[in-house]
$ cat entry.tsv   # TSV, C-alpha atoms
chain	number	residue	atom	x	y	z
A	123	MET	CA	-14.44	-32.32	26.58
A	124	SER	CA	-14.90	-28.57	26.84
A	125	SER	CA	-13.22	-28.38	30.24
A	126	GLN	CA	-10.34	-30.52	28.91
A	127	GLN	CA	-9.90	-28.16	25.94
A	128	ASN	CA	-10.13	-25.15	28.20
A	129	MET	CA	-7.49	-26.65	30.49
A	130	GLU	CA	-5.14	-27.28	27.55
A	131	GLU	CA	-5.65	-23.80	26.12
A	132	ARG	CA	-4.97	-22.15	29.46
A	133	LEU	CA	-1.91	-24.32	30.07
A	134	TRP	CA	-0.52	-23.51	26.61
A	135	GLU	CA	-1.03	-19.82	27.32
A	136	TYR	CA	0.79	-20.32	30.63
A	137	ILE	CA	3.67	-22.19	28.94
A	138	ASP	CA	3.94	-19.66	26.11
A	139	GLY	CA	3.75	-16.75	28.55
A	140	VAL	CA	0.86	-14.96	26.85
A	141	CYS	CA	-1.53	-14.90	29.82
A	142	THR	CA	-1.88	-11.99	32.21
A	143	GLY	CA	-0.22	-11.86	35.62
A	144	ASP	CA	-3.40	-12.77	37.52
A	145	GLU	CA	-4.10	-15.70	35.20
A	146	ARG	CA	-0.50	-16.81	35.57
A	147	LEU	CA	-0.80	-16.91	39.37
A	148	PHE	CA	-4.14	-18.71	39.18
A	149	ILE	CA	-2.82	-21.39	36.80
A	150	ALA	CA	0.32	-21.83	38.93
A	151	GLU	CA	-1.92	-22.47	41.96
A	152	LEU	CA	-3.99	-24.97	39.96
A	153	ILE	CA	-0.85	-26.80	38.84
A	154	ALA	CA	0.40	-26.96	42.44
A	155	SER	CA	-2.90	-28.08	43.97
A	156	ASN	CA	-4.73	-30.11	41.28
A	157	HIS	CA	-3.30	-33.47	40.17
A	158	ALA	CA	-5.05	-33.41	36.74
A	159	TRP	CA	-3.67	-29.95	35.95
A	160	ARG	CA	-0.18	-30.96	37.10
A	161	GLN	CA	-0.25	-34.12	34.97
A	162	LYS	CA	-1.50	-32.24	31.88
A	163	TYR	CA	1.12	-29.53	32.46
A	164	GLN	CA	3.90	-32.15	32.53
A	165	GLU	CA	2.58	-33.73	29.30
A	166	LEU	CA	2.48	-30.38	27.53
A	167	LEU	CA	5.98	-29.48	28.73
A	168	GLU	CA	7.30	-32.80	27.39
A	169	LEU	CA	5.54	-32.17	24.09
A	170	GLN	CA	7.05	-28.70	23.83
A	171	THR	CA	10.57	-29.95	24.53
A	172	LEU	CA	10.09	-32.68	21.93
A	173	LEU	CA	8.96	-30.12	19.39
A	174	ASN	CA	11.80	-27.75	20.19
A	175	ASN	CA	14.61	-30.30	20.32
A	176	HIS	CA	13.77	-33.12	17.95
A	177	LEU	CA	11.72	-31.53	15.22
A	178	GLU	CA	13.70	-30.45	12.20
A	179	LEU	CA	12.08	-28.66	9.34
A	180	ASP	CA	12.70	-30.26	5.99
A	181	GLU	CA	13.83	-27.81	3.36
A	182	PRO	CA	13.61	-28.64	-0.31
A	183	SER	CA	16.88	-29.06	-2.12
A	184	MET	CA	18.23	-26.27	-4.28
A	185	ARG	CA	17.75	-28.45	-7.34
A	186	PHE	CA	14.05	-28.83	-6.55
A	187	THR	CA	13.67	-25.06	-6.22
A	188	GLN	CA	15.56	-24.52	-9.46
A	189	ASN	CA	13.37	-27.06	-11.28
A	190	ILE	CA	10.23	-25.29	-10.09
A	191	MET	CA	11.53	-21.89	-11.18
A	192	GLU	CA	12.51	-23.26	-14.60
A	193	SER	CA	9.10	-24.83	-15.13
A	194	ILE	CA	7.41	-21.55	-14.23
A	195	SER	CA	9.61	-19.58	-16.61
A	196	LYS	CA	8.61	-21.85	-19.53
A	197	HIS	CA	5.03	-20.65	-19.32
A	198	HIS	CA	4.22	-17.31	-20.90
A	199	ILE	CA	2.57	-15.21	-18.24
A	200	ALA	CA	0.51	-12.41	-19.76
A	201	PRO	CA	0.68	-9.00	-18.12
A	202	ALA	CA	-2.29	-8.65	-15.84
A	203	ALA	CA	-3.79	-5.37	-16.96
A	204	LYS	CA	-3.09	-5.32	-20.68
A	205	SER	CA	-5.79	-7.80	-21.62
A	206	TYR	CA	-8.81	-6.17	-20.03
A	207	ILE	CA	-8.14	-2.41	-19.82
A	208	ASN	CA	-9.20	-0.50	-22.89
A	209	LYS	CA	-6.68	2.21	-23.83
A	210	ARG	CA	-9.42	4.47	-25.19
A	211	ILE	CA	-11.06	4.61	-21.79
A	212	VAL	CA	-7.77	5.53	-20.12
A	213	TRP	CA	-7.07	8.25	-22.66
A	214	GLY	CA	-10.66	9.50	-22.34
A	215	ILE	CA	-10.23	9.86	-18.60
A	216	ALA	CA	-6.89	11.60	-19.13
A	217	LEU	CA	-8.50	13.99	-21.62
A	218	PHE	CA	-11.29	14.74	-19.15
A	219	PHE	CA	-8.84	15.61	-16.37
A	220	PHE	CA	-6.67	17.64	-18.73
A	221	CYS	CA	-9.69	19.64	-19.90
A	222	SER	CA	-10.86	20.15	-16.33
A	223	ILE	CA	-7.43	21.47	-15.34
A	224	ILE	CA	-7.43	23.87	-18.28
A	225	GLY	CA	-10.97	24.96	-17.37
A	226	MET	CA	-9.99	25.54	-13.76
A	227	LEU	CA	-6.97	27.59	-14.80
A	228	ILE	CA	-9.06	29.71	-17.18
A	229	ALA	CA	-11.71	30.27	-14.50
A	230	GLY	CA	-9.05	31.09	-11.93
A	231	PHE	CA	-7.25	33.57	-14.15
A	232	ALA	CA	-10.58	35.21	-14.96
A	233	GLN	CA	-11.27	35.71	-11.24
A	234	MET	CA	-7.88	37.28	-10.48
A	235	THR	CA	-7.60	40.99	-9.97
A	236	TRP	CA	-5.09	42.25	-12.50
A	237	PRO	CA	-3.52	45.68	-11.92
A	238	ALA	CA	-4.11	48.16	-14.67
A	239	THR	CA	-1.08	49.15	-16.68
A	240	ALA	CA	-0.26	52.50	-18.07
A	241	THR	CA	-0.42	52.95	-21.79
A	242	GLY	CA	3.09	51.83	-22.50
A	243	ALA	CA	4.82	49.85	-25.19
A	244	SER	CA	4.77	46.59	-23.26
A	245	LEU	CA	1.61	44.65	-22.58
A	246	ILE	CA	3.03	43.11	-19.39
A	247	ASP	CA	4.55	45.31	-16.73
A	248	TYR	CA	6.89	42.94	-14.89
A	249	SER	CA	7.40	45.32	-11.99
A	250	ARG	CA	3.70	45.09	-11.10
A	251	ILE	CA	3.38	41.32	-11.46
A	252	SER	CA	3.80	40.86	-7.70
A	253	LYS	CA	0.70	43.02	-7.14
A	254	VAL	CA	-1.58	40.45	-8.80
A	255	ASP	CA	-4.23	39.34	-6.31
A	256	MET	CA	-4.41	35.53	-6.45
A	257	SER	CA	-6.90	35.15	-3.62
A	258	GLY	CA	-9.67	34.89	-6.20
A	259	PHE	CA	-7.98	31.84	-7.70
A	260	PHE	CA	-7.28	29.73	-4.63
A	261	ASN	CA	-10.05	30.88	-2.33
A	262	ASN	CA	-11.87	27.56	-2.07
A	263	THR	CA	-10.73	24.37	-0.35
A	264	TYR	CA	-12.49	22.23	-2.92
A	265	THR	CA	-10.66	24.00	-5.73
A	266	SER	CA	-7.32	23.34	-4.08
A	267	ALA	CA	-8.17	19.68	-3.43
A	268	PHE	CA	-9.39	19.23	-7.00
A	269	MET	CA	-6.22	20.76	-8.42
A	270	MET	CA	-4.05	18.57	-6.19
A	271	ILE	CA	-5.87	15.39	-7.26
A	272	ASN	CA	-5.59	16.42	-10.90
A	273	ALA	CA	-1.88	17.08	-10.50
A	274	VAL	CA	-1.31	13.64	-8.94
A	275	LEU	CA	-3.34	11.91	-11.66
A	276	GLY	CA	-1.44	13.86	-14.29
A	277	LEU	CA	1.86	12.69	-12.83
A	278	VAL	CA	0.60	9.09	-12.82
A	279	LEU	CA	-0.38	9.36	-16.48
A	280	LEU	CA	2.99	10.92	-17.33
A	281	ASP	CA	4.73	8.06	-15.51
A	282	MET	CA	2.68	5.49	-17.44
A	283	TYR	CA	3.52	7.20	-20.72
A	284	LEU	CA	7.25	7.39	-19.95
A	285	ASN	CA	7.35	3.75	-18.81
A	286	ARG	CA	5.65	2.67	-22.02
A	287	LYS	CA	8.17	4.61	-24.10
A	288	LYS	CA	11.01	3.10	-22.06
A	289	GLN	CA	9.67	-0.41	-22.69
A	290	GLU	CA	9.32	0.27	-26.41
A	291	ILE	CA	12.94	1.42	-26.58
A	292	ALA	CA	14.08	-1.63	-24.60
A	293	ASN	CA	12.14	-3.94	-26.92
A	294	GLN	CA	13.71	-2.33	-30.00
A	295	HIS	CA	17.22	-2.97	-28.66
A	296	LYS	CA	16.58	-6.68	-28.06
$ encode --input "entry.tsv" --output "C-alpha cells"
Amino acid sequence: MSSQQNMEERLWEYIDGVCTGDERLFIAELIASNHAWRQKYQELLELQTLLNNHLELDEPSMRFTQNIMESISKHHIAPAAKSYINKRIVWGIALFFFCSIIGMLIAGFAQMTWPATATGASLIDYSRISKVDMSGFFNNTYTSAFMMINAVLGLVLLDMYLNRKKQEIANQHK
C-alpha cells in the first residue's frame, strides 16, 4: 500500500508540475517503461479532466446568504473587550506612564547644561537658547527607547479616549 501511495503522490506532483526537473525526467521514464505507472498515470489524468470539466461548485443563493446575515444581526453581540477589561487598570497604567514621562523630563532637564544669563530683566535669554547642551538629556539609548515607547503608548491612549468621545457623541445623536 505504501508503494501505491508513493506512486500516486509522485504522479500527482508530476501532473501538477510541482516536482523538480530531475524527478520529472525520472517519472517520465517510469511512465514510458513501466505498465503499472502508465496505467495509474492515465487514471489520474482522466480524474483530473473530470474534476476540471464536469465539477461545478454549488454556490448558495443570495436569499440564503441574506437569511443568514439577518439571523446573525438579530443577536446582540457584545463588544469583546468591554466585559473583561477593568477601566481602573487601564487608567492606572496610563497614569504610571504619564508619571514616568514627567519624571524622565524632569531628570533630563536637570542634567542639561544651561548657559548662565547676565543679570537682566528677563529670566530667559532667547538668543542663548540654542547654546543649551542637550547631550545630557538624550545620552542613553535606553532613555531614547523608553521615551519612544511612552510616546507611542500615549498616542494609543489618546486615540482610545478620542474614539470613546466620538462614540458618545454618535450615541447622543441617535
$ closest_residue --input "entry.tsv" --among "A:Thr265, A:Thr187, A:Asn175, A:Asn272" --to "Phe220 (chain A)" --atoms "all atoms listed in the file"
A:Asn272
$ atom_distance --input "entry.tsv" --atom1 "CA of Tyr283 (chain A)" --atom2 "CA of Phe231 (chain A)"
29.2 Å
$ closest_residue --input "entry.tsv" --among "A:Leu133, A:Met269, A:Ile215, A:Leu279" --to "Gln161 (chain A)" --atoms "only C-alpha atoms"
A:Leu133
$ atom_distance --input "entry.tsv" --atom1 "CA of Glu192 (chain A)" --atom2 "CA of Glu290 (chain A)"
26.5 Å
$ atom_distance --input "entry.tsv" --atom1 "CA of Asp281 (chain A)" --atom2 "CA of Asn262 (chain A)"
28.9 Å
$ axis_aligned_box --input "entry.tsv" --around "region 288-293 of chain A" --padding-each-side "8 Å" --output "lines of an AutoDock Vina configuration file"
center_x = 11.7
center_y = -0.4
center_z = -24.5
size_x = 20.8
size_y = 23.0
size_z = 20.9
$ closest_residue --input "entry.tsv" --among "A:Met191, A:Trp134, A:Arg146, A:Ala216" --to "Gln164 (chain A)" --atoms "all atoms listed in the file"
A:Trp134
$ closest_residue --input "entry.tsv" --among "A:Cys221, A:Leu166, A:Ile291, A:Leu227" --to "Glu130 (chain A)" --atoms "only C-alpha atoms"
A:Leu166
